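Chemist: One structure, pasted below without further comment.
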Amino acid sequence: AAGVIQSPRHLIKEKRETATLKCYPISRHDTVYWYQQGPGQDPQFLISFYEKMQSDKGSIPDRFSAQQFSDYHSELNMSSLELGDSALYFCASSYKPTGVDTQYFGPGTRLTVL
Amino acid sequence: QKEVEQDPGPLSVPEGAIVSLNCTYSNSAFQYFMWYRQYSRKGPELLMYTYSSGNKEDGRFTAQVDKSSKYISLFIRDSQPSDSATYLCAMSANSQGAQKLVFGQGTRLTINP
């Protein structure tokens, strides 16, 4: 079965520009998570959606917003980009019909802000 | 102090050795414990998943959870050079809806041929 798909895989932006990252979850998965991983760091939770509603929010800057659409894909919108936003952005998806919440990660989008 | 502590290594062992990776945590609400393997510039790949305390075995991999000590382990038997990667422990609490994962720092493992 196809895994989590993220696009684009690489993105280069200038400071103060905007960026949109897309995530397509595994088929039937209804939950999407976004994580940010800086160089040499562990992934940090940003935000999650369950059945198209925001479920939890982590250390996500106010400059970032996200949503989940009717087909369960999700987009992370990042505005007024800063140099410190350069990182790997991972999307993960899960299906939790019985309370088990095993998250499967996509390949990530590498964002470089110049 | 981080909720999940993991020795970042690096850890270097000869091929065929038994590898032990460990994490400790402070949040007693954690119910789900996972181990992910991450190759350089790739997404984390789910290796093992355990609910609550106990052991789970899958091929050369064994995951152990001791909730009384807030300590989890991953053992790799007959280690191979292809096992060289960063291993991340991750945990989540049990509740309705989505539950974020809290990761350890990751341990960089190298298996030498």
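Please note that chains go A, B, ... in the order of the structure tokens, that every chain numbers its residues from 1, and that ligands are numbered from 1 in the order shown.
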Given a cut-off of 9 Å, which residues of chain A touch chain B, counting only C-alpha atoms, written out as a PyMOL selection string?

Modeler: chain A and resi 31-33+40-51+55-58+88+90-91+94+96+99-108+110

Chemist: Take CA of Ser26 (chain B) and CA of Glu57 (chain B) and report the distance between them in Å, one decimal.

Modeler: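 Interatomic distance here is 24.8 Å.
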
Chemist: Which residues, written as a PDB file with C-alpha atoms, in the first residue's frame, have at least one atom at most 9 Å from region 59-63 of chain B, with only C-alpha atoms counted and residues fewer than 2 positions away on the same chain left out?

Modeler:
```pdb
ATOM      1  CA  MET B  34       7.173   3.174  19.775  1.00  0.00           C
ATOM      2  CA  TRP B  35      10.574   2.785  18.222  1.00  0.00           C
ATOM      3  CA  LEU B  47       9.847  -0.464  13.845  1.00  0.00           C
ATOM      4  CA  MET B  48       8.022  -1.584  16.939  1.00  0.00           C
ATOM      5  CA  TYR B  49       4.944  -0.533  18.852  1.00  0.00           C
ATOM      6  CA  THR B  50       3.988  -1.590  22.394  1.00  0.00           C
ATOM      7  CA  GLY B  54       5.586  -5.939  28.602  1.00  0.00           C
ATOM      8  CA  ASN B  55       7.716  -7.364  25.843  1.00  0.00           C
ATOM      9  CA  LYS B  56       7.175  -7.610  22.119  1.00  0.00           C
ATOM     10  CA  GLU B  57       9.346  -9.494  19.657  1.00  0.00           C
ATOM     11  CA  VAL B  65       8.438  -1.516  28.463  1.00  0.00           C
ATOM     12  CA  ILE B  72      11.788   1.326  27.656  1.00  0.00           C
ATOM     13  CA  SER B  73      14.330  -0.650  25.661  1.00  0.00           C
ATOM     14  CA  LEU B  74      14.906  -1.904  22.150  1.00  0.00           C
ATOM     15  CA  PHE B  75      17.182  -4.886  21.596  1.00  0.00           C
ATOM     16  CA  ILE B  76      18.610  -5.756  18.195  1.00  0.00           C
ATOM     17  CA  ARG B  77      20.034  -9.256  17.833  1.00  0.00           C
ATOM     18  CA  ASP B  78      22.550 -10.301  15.180  1.00  0.00           C
ATOM     19  CA  SER B  79      23.022  -6.673  14.177  1.00  0.00           C
TER      20      SER B  79
END
```

Chemist: Among region 1-101 of chain A, which ones does DSSP place in strand (DSSP E or B), written as a PyMOL selection string?

Modeler: chain A and resi 5-7+10-13+19-24+31-37+44-50+53-57+64-68+74-78+87-94

Chemist: State, in Å with one decimal place, the distance from CA of Lys70 (chain B) to CA of Thr24 (chain B).

Modeler: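 It comes out at 5.7 Å.
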
Chemist: Show which residues sit within 10 Å of region 69-85 of chain A, as a VMD selection string. Count only C-alpha atoms, and ignore same-chain residues fewer than 4 positions away.

Modeler: chain A and resid 4 to 7 13 to 34 36 to 38 46 to 53 61 to 65 89 91 93 111 to 114
